[in-house]
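Notes follow the structure.
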Amino acid sequence: MKTIDEINKKITTGTAVVYTAAELKKSVAAGEEITVADVDVVTTGTFGVMSGTLAILHIPVAPPGSFRSAEKVWLNGVPAIPGPCPNEGLGSVDLAVYGTSRADNSYGGGHLFRDIVAGNEVKIEVESAGMRYSRTTTIDEMDHARLVTTRSAFRNYLAVINTGPDPVQTIFSVKGLTGPYREASVSGCGDINPLQNDPDLNAIGIGTRILLNGGVGYIMGTGTRSSATNPNVAAFAEMKSMVPEMMGGFITSLGPECTTSVAIPIPVLDDSILRNLLITNDQISLPVADVRDRLPFAATSYADVWDDTDMVIAFSSDSCIRCEACKSALLCPTGAIDPVSGIDATRCVNCGTCIRECPGGAFTGNLGALSVDNRKIPLTLRQSDRSRAMRLCEHLKTRILDRKFTLCGKLENLR
Ligand code: SF4
Ligand code: SF4
């Protein structure tokens, strides 16, 4: 048995032993015997489309006395919700903006959050008593900029397919999910997912210190739709500490969605916590649902998604046949493709969309296939980026080793 205090002492003296979840599993698979005495912290992470994300901001708009209170607010055209504080006569506005709100079909709350965190100029428009007030601002002028998740980091996600003959426009597809059984879309980072590595919630709880979009945050409880068999967490963090690359927007066939990332350090306090950390992709059930009712009707495992597949999508300009309009660039859900320079790695989330769209075969990557009902259904879209999640695990590990991140044990259980 170890305690959080003992581990924190090791962190502050630079003697803590930290593994990423992937490193731990690889070492054990290679035959290394690892006991509780050998490891102090294991870092876990996930990155993907997470609709349940919102920002709470306070923004100065006009000199005091300019307007009584904001009735409507937009940020870069994305509608926000003013209040609840009216800030009467102060010329500033308190607001909430959802990650799924949108200015149009190509820009939404997720894009806005990344722009704010990147320090880009943002246009705020306020309507009050029939008048419009607008200005540009940046995060430096916001004395309060906090991101909150209403649900994130589900222990387990699912894959969806279309069992019907007609394409279905859905947030689980970029151009409509075709059927019957022609393709699959998947979410979840498999065996590095935080709650998958602590399924009994022995280590993770209310008050656990985490990284949310790369910034230091905390778990405040379970999120909406959390259940005993498939829990998730609600969390918050200050946007000023976040990393743009670890968040953003993602365009689906139903418009903009929001990508969010969560990294959680798991303290190795006892044998049961260590045992749970050894879970591998083939041991994690992946429910398969019909996109039309979201009810799982089969199951496979995350081995189909992440074992012997390519985490990163590659681009070869030699194979590009210079189409009049680059179909891959047009459909890339994160705007990561420039037909001349290729893939912008800071934006690419390795979803795989470009592979199928490119007639020249310039994009390559094995996304795998789901084994369902004696069929092999090719995966054509990944809405979670395991490669980025692994970078997040590395980032958190480095911060701990650099003594810049200590552990906060749970104050209360999540259930
Ligand atoms: S779709 Fe493929 S081949 Fe066509 S321009 Fe784009 S990268 Fe080149
Ligand atoms: S894998 Fe291709 S389509 Fe997907 S984000 Fe990266 S460049 Fe865009």
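Residues are referred to by chain and number: the chain letter is A, B, ... according to the order shown in the structure tokens, the number counts from 1 in that chain, and ligands are numbered separately from 1 in the order shown.
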
key: Near-ligand residues for ligand 2, threshold 7 Å, only C-alpha atoms and all ligand atoms, as a PyMOL selection string   = chain A and resi 313+328+331-337+343+347-355

Report as JSON lines: every residue of region 217-286 of chain A with an atom at most 6 Å from region 137-156 of chain A, its closest pair of atoms, and their distance in Å to one decimal, counting only C-alpha atoms, with rows sorted by chain and ascending residue number.
{"residue": "A:Gly223", "atom": "CA", "partner": "A:Arg151", "partner_atom": "CA", "distance": 4.1}
{"residue": "A:Thr224", "atom": "CA", "partner": "A:Arg151", "partner_atom": "CA", "distance": 5.5}
{"residue": "A:Asn230", "atom": "CA", "partner": "A:Arg155", "partner_atom": "CA", "distance": 5.7}
{"residue": "A:Pro231", "atom": "CA", "partner": "A:Arg155", "partner_atom": "CA", "distance": 5.7}
{"residue": "A:Asn232", "atom": "CA", "partner": "A:Phe154", "partner_atom": "CA", "distance": 4.1}
{"residue": "A:Val233", "atom": "CA", "partner": "A:Ser152", "partner_atom": "CA", "distance": 5.4}
{"residue": "A:Ala234", "atom": "CA", "partner": "A:Arg151", "partner_atom": "CA", "distance": 4.9}
{"residue": "A:Ala235", "atom": "CA", "partner": "A:Thr149", "partner_atom": "CA", "distance": 5.2}
{"residue": "A:Phe236", "atom": "CA", "partner": "A:Val148", "partner_atom": "CA", "distance": 4.3}
{"residue": "A:Ala237", "atom": "CA", "partner": "A:Leu147", "partner_atom": "CA", "distance": 5.5}
{"residue": "A:Glu238", "atom": "CA", "partner": "A:Arg146", "partner_atom": "CA", "distance": 4.5}
{"residue": "A:Met239", "atom": "CA", "partner": "A:Arg146", "partner_atom": "CA", "distance": 5.3}

ask   = What residues have any atom no more than 12 Å from ligand 1 when counting only C-alpha atoms and all ligand atoms, and can you list them as an MDAnalysis selection string?
value = chainID A and resid 314:332 336:343 353:364

What would the file look like if the residues just selected were written as an mmCIF file, in the first residue's frame with N, CA and C atoms?
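The resulting file, result-v3.cif, is shown below:
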data_model
loop_
_atom_site.group_PDB
_atom_site.id
_atom_site.type_symbol
_atom_site.label_atom_id
_atom_site.label_comp_id
_atom_site.auth_asym_id
_atom_site.auth_seq_id
_atom_site.Cartn_x
_atom_site.Cartn_y
_atom_site.Cartn_z
ATOM 1 N N ALA A 314 -0.717 8.948 -43.113
ATOM 2 C CA ALA A 314 0.440 9.506 -43.826
ATOM 3 C C ALA A 314 0.016 10.140 -45.144
ATOM 4 N N PHE A 315 0.829 11.061 -45.641
ATOM 5 C CA PHE A 315 0.553 11.738 -46.921
ATOM 6 C C PHE A 315 1.791 11.674 -47.798
ATOM 7 N N SER A 316 1.590 11.344 -49.068
ATOM 8 C CA SER A 316 2.705 11.347 -50.016
ATOM 9 C C SER A 316 2.339 12.259 -51.184
ATOM 10 N N SER A 317 3.040 13.377 -51.308
ATOM 11 C CA SER A 317 2.720 14.319 -52.385
ATOM 12 C C SER A 317 3.012 13.707 -53.753
ATOM 13 N N ASP A 318 3.898 12.727 -53.805
ATOM 14 C CA ASP A 318 4.214 12.075 -55.089
ATOM 15 C C ASP A 318 2.982 11.390 -55.679
ATOM 16 N N SER A 319 2.082 10.941 -54.810
ATOM 17 C CA SER A 319 0.894 10.229 -55.300
ATOM 18 C C SER A 319 -0.240 11.169 -55.677
ATOM 19 N N CYS A 320 -0.117 12.431 -55.332
ATOM 20 C CA CYS A 320 -1.205 13.387 -55.598
ATOM 21 C C CYS A 320 -1.296 13.647 -57.105
ATOM 22 N N ILE A 321 -2.512 13.527 -57.655
ATOM 23 C CA ILE A 321 -2.704 13.727 -59.098
ATOM 24 C C ILE A 321 -3.254 15.129 -59.386
ATOM 25 N N ARG A 322 -3.174 15.993 -58.407
ATOM 26 C CA ARG A 322 -3.551 17.408 -58.550
ATOM 27 C C ARG A 322 -4.967 17.568 -59.115
ATOM 28 N N CYS A 323 -5.939 17.108 -58.384
ATOM 29 C CA CYS A 323 -7.340 17.258 -58.799
ATOM 30 C C CYS A 323 -7.683 18.759 -58.879
ATOM 31 N N GLU A 324 -8.687 19.061 -59.655
ATOM 32 C CA GLU A 324 -9.074 20.466 -59.774
ATOM 33 C C GLU A 324 -9.453 21.033 -58.397
ATOM 34 N N ALA A 325 -10.217 20.246 -57.664
ATOM 35 C CA ALA A 325 -10.519 20.616 -56.276
ATOM 36 C C ALA A 325 -10.182 19.402 -55.416
ATOM 37 N N CYS A 326 -9.403 19.619 -54.376
ATOM 38 C CA CYS A 326 -8.967 18.495 -53.531
ATOM 39 C C CYS A 326 -10.149 18.018 -52.678
ATOM 40 N N LYS A 327 -10.675 16.844 -53.022
ATOM 41 C CA LYS A 327 -11.844 16.323 -52.298
ATOM 42 C C LYS A 327 -11.500 16.030 -50.838
ATOM 43 N N SER A 328 -10.273 15.583 -50.619
ATOM 44 C CA SER A 328 -9.877 15.275 -49.233
ATOM 45 C C SER A 328 -9.855 16.540 -48.389
ATOM 46 N N ALA A 329 -9.312 17.616 -48.984
ATOM 47 C CA ALA A 329 -9.255 18.881 -48.239
ATOM 48 C C ALA A 329 -10.665 19.397 -47.957
ATOM 49 N N LEU A 330 -11.552 19.247 -48.949
ATOM 50 C CA LEU A 330 -12.921 19.738 -48.769
ATOM 51 C C LEU A 330 -13.642 19.009 -47.644
ATOM 52 N N LEU A 331 -13.341 17.721 -47.486
ATOM 53 C CA LEU A 331 -14.064 16.930 -46.487
ATOM 54 C C LEU A 331 -13.332 16.776 -45.153
ATOM 55 N N CYS A 332 -12.059 17.133 -45.110
ATOM 56 C CA CYS A 332 -11.313 16.960 -43.846
ATOM 57 C C CYS A 332 -12.056 17.676 -42.714
ATOM 58 N N ALA A 336 -7.365 20.252 -41.953
ATOM 59 C CA ALA A 336 -5.926 20.022 -41.750
ATOM 60 C C ALA A 336 -5.148 19.830 -43.047
ATOM 61 N N ILE A 337 -5.854 19.847 -44.211
ATOM 62 C CA ILE A 337 -5.161 19.491 -45.452
ATOM 63 C C ILE A 337 -4.912 20.704 -46.333
ATOM 64 N N ASP A 338 -3.658 20.833 -46.744
ATOM 65 C CA ASP A 338 -3.297 21.770 -47.795
ATOM 66 C C ASP A 338 -2.762 20.908 -48.936
ATOM 67 N N PRO A 339 -3.415 20.929 -50.122
ATOM 68 C CA PRO A 339 -3.002 20.011 -51.189
ATOM 69 C C PRO A 339 -1.533 20.168 -51.570
ATOM 70 N N VAL A 340 -0.935 21.316 -51.283
ATOM 71 C CA VAL A 340 0.479 21.505 -51.632
ATOM 72 C C VAL A 340 1.389 20.989 -50.508
ATOM 73 N N SER A 341 1.143 21.471 -49.303
ATOM 74 C CA SER A 341 2.054 21.088 -48.210
ATOM 75 C C SER A 341 1.626 19.815 -47.487
ATOM 76 N N GLY A 342 0.403 19.332 -47.740
ATOM 77 C CA GLY A 342 -0.024 18.071 -47.119
ATOM 78 C C GLY A 342 -0.784 18.285 -45.841
ATOM 79 N N ILE A 343 -0.469 17.465 -44.823
ATOM 80 C CA ILE A 343 -1.256 17.452 -43.586
ATOM 81 C C ILE A 343 -0.628 18.362 -42.531
ATOM 82 N N THR A 353 -10.690 10.092 -42.831
ATOM 83 C CA THR A 353 -11.623 10.496 -43.900
ATOM 84 C C THR A 353 -10.918 10.676 -45.243
ATOM 85 N N CYS A 354 -9.750 11.283 -45.222
ATOM 86 C CA CYS A 354 -9.052 11.638 -46.462
ATOM 87 C C CYS A 354 -8.662 10.401 -47.276
ATOM 88 N N ILE A 355 -8.469 9.267 -46.638
ATOM 89 C CA ILE A 355 -7.985 8.072 -47.351
ATOM 90 C C ILE A 355 -8.971 7.686 -48.438
ATOM 91 N N ARG A 356 -10.251 7.636 -48.079
ATOM 92 C CA ARG A 356 -11.260 7.168 -49.022
ATOM 93 C C ARG A 356 -11.585 8.204 -50.097
ATOM 94 N N GLU A 357 -11.394 9.457 -49.750
ATOM 95 C CA GLU A 357 -11.792 10.524 -50.682
ATOM 96 C C GLU A 357 -10.770 10.784 -51.774
ATOM 97 N N CYS A 358 -9.528 10.421 -51.539
ATOM 98 C CA CYS A 358 -8.442 10.813 -52.442
ATOM 99 C C CYS A 358 -8.293 9.819 -53.604
ATOM 100 N N PRO A 359 -8.545 10.242 -54.854
ATOM 101 C CA PRO A 359 -8.437 9.307 -55.981
ATOM 102 C C PRO A 359 -6.987 8.929 -56.299
ATOM 103 N N GLY A 360 -6.034 9.734 -55.829
ATOM 104 C CA GLY A 360 -4.628 9.439 -56.121
ATOM 105 C C GLY A 360 -3.980 8.504 -55.108
ATOM 106 N N GLY A 361 -4.662 8.226 -54.026
ATOM 107 C CA GLY A 361 -4.061 7.383 -52.986
ATOM 108 C C GLY A 361 -2.931 8.085 -52.246
ATOM 109 N N ALA A 362 -3.049 9.418 -52.139
ATOM 110 C CA ALA A 362 -1.978 10.171 -51.478
ATOM 111 C C ALA A 362 -1.993 9.999 -49.952
ATOM 112 N N PHE A 363 -3.150 9.594 -49.424
ATOM 113 C CA PHE A 363 -3.260 9.407 -47.972
ATOM 114 C C PHE A 363 -3.322 7.911 -47.671
ATOM 115 N N THR A 364 -2.526 7.466 -46.728
ATOM 116 C CA THR A 364 -2.530 6.041 -46.398
ATOM 117 C C THR A 364 -2.599 5.825 -44.890
#

inquiry  = Ranking A:Asp290, A:Asp385, A:Glu33, A:Asp166 by minimum distance to Cys189 (chain A) and counting only C-alpha atoms, which one comes first?
reply    = A:Asp385

Give me, as a PDB file with N, CA and C atoms, in the first residue's frame, all polymer residues having an atom no more than 7 Å from Trp74 (chain A), counting only C-alpha atoms and skipping those fewer than 2 positions away in the same chain.
ATOM      1  N   ASN A  76     -17.588  35.406 -32.641  1.00  0.00           N
ATOM      2  CA  ASN A  76     -17.264  34.969 -34.010  1.00  0.00           C
ATOM      3  C   ASN A  76     -18.501  34.387 -34.698  1.00  0.00           C
ATOM      4  N   GLY A  77     -19.642  34.940 -34.385  1.00  0.00           N
ATOM      5  CA  GLY A  77     -20.885  34.475 -35.009  1.00  0.00           C
ATOM      6  C   GLY A  77     -21.540  33.302 -34.308  1.00  0.00           C
ATOM      7  N   VAL A  78     -20.860  32.708 -33.331  1.00  0.00           N
ATOM      8  CA  VAL A  78     -21.422  31.568 -32.589  1.00  0.00           C
ATOM      9  C   VAL A  78     -22.334  32.112 -31.490  1.00  0.00           C
ATOM     10  N   PRO A  79     -23.609  31.722 -31.475  1.00  0.00           N
ATOM     11  CA  PRO A  79     -24.507  32.255 -30.445  1.00  0.00           C
ATOM     12  C   PRO A  79     -24.101  31.786 -29.046  1.00  0.00           C
ATOM     13  N   ALA A  80     -24.106  32.738 -28.113  1.00  0.00           N
ATOM     14  CA  ALA A  80     -23.805  32.415 -26.709  1.00  0.00           C
ATOM     15  C   ALA A  80     -25.043  32.711 -25.873  1.00  0.00           C
ATOM     16  N   ILE A 124     -16.791  39.900 -30.535  1.00  0.00           N
ATOM     17  CA  ILE A 124     -17.981  39.752 -29.694  1.00  0.00           C
ATOM     18  C   ILE A 124     -19.017  40.779 -30.134  1.00  0.00           C
ATOM     19  N   GLU A 125     -20.247  40.318 -30.288  1.00  0.00           N
ATOM     20  CA  GLU A 125     -21.362  41.201 -30.642  1.00  0.00           C
ATOM     21  C   GLU A 125     -22.451  41.031 -29.581  1.00  0.00           C
ATOM     22  N   VAL A 126     -22.968  42.157 -29.134  1.00  0.00           N
ATOM     23  CA  VAL A 126     -24.009  42.150 -28.097  1.00  0.00           C
ATOM     24  C   VAL A 126     -25.220  42.932 -28.608  1.00  0.00           C
TER      25      VAL A 126
END

message = With DSSP run on the backbone, what are the strand (DSSP E or B) residues within region 96-268 of chain A? I'd like them as a PyMOL selection string.
response = chain A and resi 96-98+102-104+107-108+122-128+131-137+144-152+159-161+168+177+184-186+206+209-212+215-222+233-238+248-252+255-267

ask   = Residues of region 60-304 of chain A in helix (DSSP H, G or I) according to DSSP, as a PyMOL selection string?
value = chain A and resi 109-117+139-141+190-192+195-197+239-241+244-246+271-276+281-283+303-304

request  = Within 9 Å of Ala21 (chain A), counting only C-alpha atoms, which residues show up once you throw out same-chain ones fewer than 4 positions away? Write them as a VMD selection string, please.
outcome  = chain A and resid 25 to 26 42 to 45 191 to 194 197 277 to 278 390 393

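Comparing the minimum interatomic distances between Ala369 (chain A) and each of A:Val39, A:Val288, A:Val28, A:Ala184, counting only C-alpha atoms, we find that A:Ala184 sits nearest.
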
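Excluding Gln383 (chain A) and any residue on its chain fewer than 5 positions from it, the residues at most 9 Å away by only C-alpha atoms are A:Phe47, A:Gly48, A:Val49, A:Phe172, A:Ser173, A:Ser185, A:Val186, A:Ser187, A:Gly188, A:Phe250, A:Thr259, A:Val349, A:Asn350, A:Cys351.
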
Residue subset to file, keeping N, CA and C atoms, as a CSV table (one decimal), in the first residue's frame:
chain,number,residue,atom,x,y,z
A,47,PHE,N,-8.7,11.6,-26.4
A,47,PHE,CA,-8.9,12.8,-27.2
A,47,PHE,C,-10.0,12.4,-28.2
A,48,GLY,N,-11.0,13.2,-28.3
A,48,GLY,CA,-12.1,12.9,-29.3
A,48,GLY,C,-13.2,13.9,-29.3
A,49,VAL,N,-14.1,13.6,-30.2
A,49,VAL,CA,-15.3,14.5,-30.3
A,49,VAL,C,-16.1,14.3,-28.9
A,172,PHE,N,-21.9,11.0,-36.3
A,172,PHE,CA,-20.9,10.0,-36.3
A,172,PHE,C,-20.3,9.7,-37.7
A,173,SER,N,-20.6,10.7,-38.6
A,173,SER,CA,-20.0,10.6,-40.0
A,173,SER,C,-19.7,11.9,-40.5
A,185,SER,N,-18.1,3.7,-38.0
A,185,SER,CA,-17.4,4.9,-37.3
A,185,SER,C,-17.2,4.5,-35.9
A,186,VAL,N,-16.1,4.9,-35.3
A,186,VAL,CA,-15.8,4.5,-33.9
A,186,VAL,C,-15.3,5.7,-33.1
A,187,SER,N,-15.6,5.6,-31.8
A,187,SER,CA,-15.0,6.5,-30.8
A,187,SER,C,-14.4,5.7,-29.7
A,188,GLY,N,-13.4,6.4,-29.0
A,188,GLY,CA,-12.7,5.7,-27.9
A,188,GLY,C,-11.3,5.4,-28.2
A,250,PHE,N,-14.7,20.0,-35.2
A,250,PHE,CA,-14.7,18.8,-36.0
A,250,PHE,C,-16.0,18.8,-36.8
A,259,THR,N,-14.1,19.0,-30.2
A,259,THR,CA,-13.1,17.9,-29.7
A,259,THR,C,-12.5,18.4,-28.4
A,349,VAL,N,-6.5,15.0,-36.8
A,349,VAL,CA,-6.8,14.1,-35.7
A,349,VAL,C,-6.9,12.6,-36.1
A,350,ASN,N,-6.2,12.4,-37.3
A,350,ASN,CA,-6.0,11.0,-37.7
A,350,ASN,C,-7.4,10.2,-37.8
A,351,CYS,N,-8.4,10.9,-38.4
A,351,CYS,CA,-9.7,10.3,-38.4
A,351,CYS,C,-9.8,9.3,-39.6

query = Pick the closest to Leu112 (chain A) from A:Ile204, A:Leu24, A:Ile11, A:Cys258: which is it, counting only C-alpha atoms?
reply =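 Going through A:Ile204, A:Leu24, A:Ile11, A:Cys258 one by one, the smallest distance to Leu112 (chain A) is for A:Cys258.
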
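When CA of Val312 (chain A) is paired with CA of Ser387 (chain A), their separation reads 6.7 Å.
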
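For the residues A:Gly99, A:Gly248, A:Pro82, A:Pro165, ranking by smallest atom-to-atom distance to Ala118 (chain A) using only C-alpha atoms places A:Gly248 first.
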
ask   = Of the residues A:Leu211, A:Val168, A:Ile264, A:Leu95, which is the one nearest to Val243 (chain A), using only C-alpha atoms?
value = A:Leu211

Which residues come within 9 Å of region 398-407 of chain A, counting only C-alpha atoms, excluding same-chain residues fewer than 2 positions away, as a PDB file with C-alpha atoms, in the first residue's frame?
ATOM      1  CA  ILE A   4      -0.930   9.932  -2.389  1.00  0.00           C
ATOM      2  CA  ASP A   5       1.239  11.919   0.054  1.00  0.00           C
ATOM      3  CA  ILE A   7       3.860   9.642  -4.126  1.00  0.00           C
ATOM      4  CA  ASN A   8       3.747  13.447  -4.025  1.00  0.00           C
ATOM      5  CA  LYS A   9       6.882  13.472  -1.872  1.00  0.00           C
ATOM      6  CA  ILE A  11       7.400  13.733  -7.239  1.00  0.00           C
ATOM      7  CA  THR A  12       8.755  16.770  -5.433  1.00  0.00           C
ATOM      8  CA  THR A  13      12.110  15.070  -4.812  1.00  0.00           C
ATOM      9  CA  GLY A  14      12.335  13.857  -8.394  1.00  0.00           C
ATOM     10  CA  THR A  15      12.275  10.147  -7.498  1.00  0.00           C
ATOM     11  CA  ALA A  16       8.787   9.168  -8.689  1.00  0.00           C
ATOM     12  CA  VAL A  17       8.539   6.411 -11.288  1.00  0.00           C
ATOM     13  CA  VAL A  18       5.997   7.333 -13.959  1.00  0.00           C
ATOM     14  CA  VAL A  41       1.930   6.908 -11.368  1.00  0.00           C
ATOM     15  CA  THR A 208      -8.844  14.440  -8.859  1.00  0.00           C
ATOM     16  CA  ARG A 209      -6.410  16.800 -10.582  1.00  0.00           C
ATOM     17  CA  ILE A 210      -6.273  16.228 -14.335  1.00  0.00           C
ATOM     18  CA  VAL A 216      -4.654  21.788 -15.242  1.00  0.00           C
ATOM     19  CA  PRO A 265      -2.818  10.385 -13.634  1.00  0.00           C
ATOM     20  CA  ILE A 266      -3.576   7.155 -11.815  1.00  0.00           C
ATOM     21  CA  PRO A 267      -1.662   6.679  -8.565  1.00  0.00           C
ATOM     22  CA  CYS A 393      -0.114  10.902 -21.671  1.00  0.00           C
ATOM     23  CA  GLU A 394       3.547  11.725 -22.461  1.00  0.00           C
ATOM     24  CA  HIS A 395       2.946  15.406 -21.743  1.00  0.00           C
ATOM     25  CA  LEU A 396       1.428  14.635 -18.346  1.00  0.00           C
ATOM     26  CA  GLY A 409      -6.370  12.408  -4.414  1.00  0.00           C
TER      27      GLY A 409
END

request  = Give the answer as one residue: which of A:Thr260, A:Thr222, A:Asn281, A:Thr346 has the shortest atom-to-atom distance to Ser384 (chain A), using only C-alpha atoms?
outcome  =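 Looking at the shortest contact to Ser384 (chain A), the residue is A:Thr260.
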
Tell me which protein, DNA and RNA residues are within 10 Å of Leu177 (chain A), counting only C-alpha atoms, leaving out same-chain ones fewer than 3 positions away, and put them as an mmCIF file with C-alpha atoms, in the first residue's frame.
data_model
loop_
_atom_site.group_PDB
_atom_site.id
_atom_site.type_symbol
_atom_site.label_atom_id
_atom_site.label_comp_id
_atom_site.auth_asym_id
_atom_site.auth_seq_id
_atom_site.Cartn_x
_atom_site.Cartn_y
_atom_site.Cartn_z
ATOM 1 C CA VAL A 160 -21.884 2.735 -35.167
ATOM 2 C CA ILE A 161 -22.903 1.260 -38.487
ATOM 3 C CA ASN A 162 -25.894 1.749 -40.726
ATOM 4 C CA THR A 163 -27.882 -1.463 -41.205
ATOM 5 C CA GLY A 164 -30.336 0.198 -43.585
ATOM 6 C CA ASP A 166 -30.094 4.695 -47.261
ATOM 7 C CA PRO A 167 -27.232 6.934 -46.097
ATOM 8 C CA VAL A 168 -27.809 8.552 -42.700
ATOM 9 C CA GLN A 169 -26.621 12.068 -41.945
ATOM 10 C CA THR A 170 -25.221 11.888 -38.426
ATOM 11 C CA ILE A 171 -22.669 13.368 -36.054
ATOM 12 C CA PHE A 172 -20.914 9.975 -36.345
ATOM 13 C CA SER A 173 -20.023 10.553 -39.980
ATOM 14 C CA VAL A 174 -18.416 13.223 -42.122
ATOM 15 C CA PRO A 180 -26.217 -1.713 -45.143
ATOM 16 C CA TYR A 181 -23.147 -2.764 -43.142
ATOM 17 C CA ARG A 182 -20.800 -0.934 -45.528
ATOM 18 C CA GLU A 183 -18.713 1.087 -43.097
ATOM 19 C CA ALA A 184 -18.250 1.805 -39.410
ATOM 20 C CA SER A 185 -17.440 4.862 -37.346
ATOM 21 C CA SER A 253 -22.377 15.598 -41.724
ATOM 22 C CA VAL A 291 -26.781 4.597 -36.128
ATOM 23 C CA THR A 380 -13.889 4.640 -42.267
ATOM 24 C CA LEU A 381 -13.989 7.215 -39.483
#

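The space separating CA of Ser241 (chain A) from CA of Gly119 (chain A) comes to 11.4 Å.
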
query = Hey, can you check how far CA of Thr20 (chain A) sits from CA of Ala159 (chain A)?
reply =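 Rounded to one decimal, the two atoms are 25.4 Å apart.
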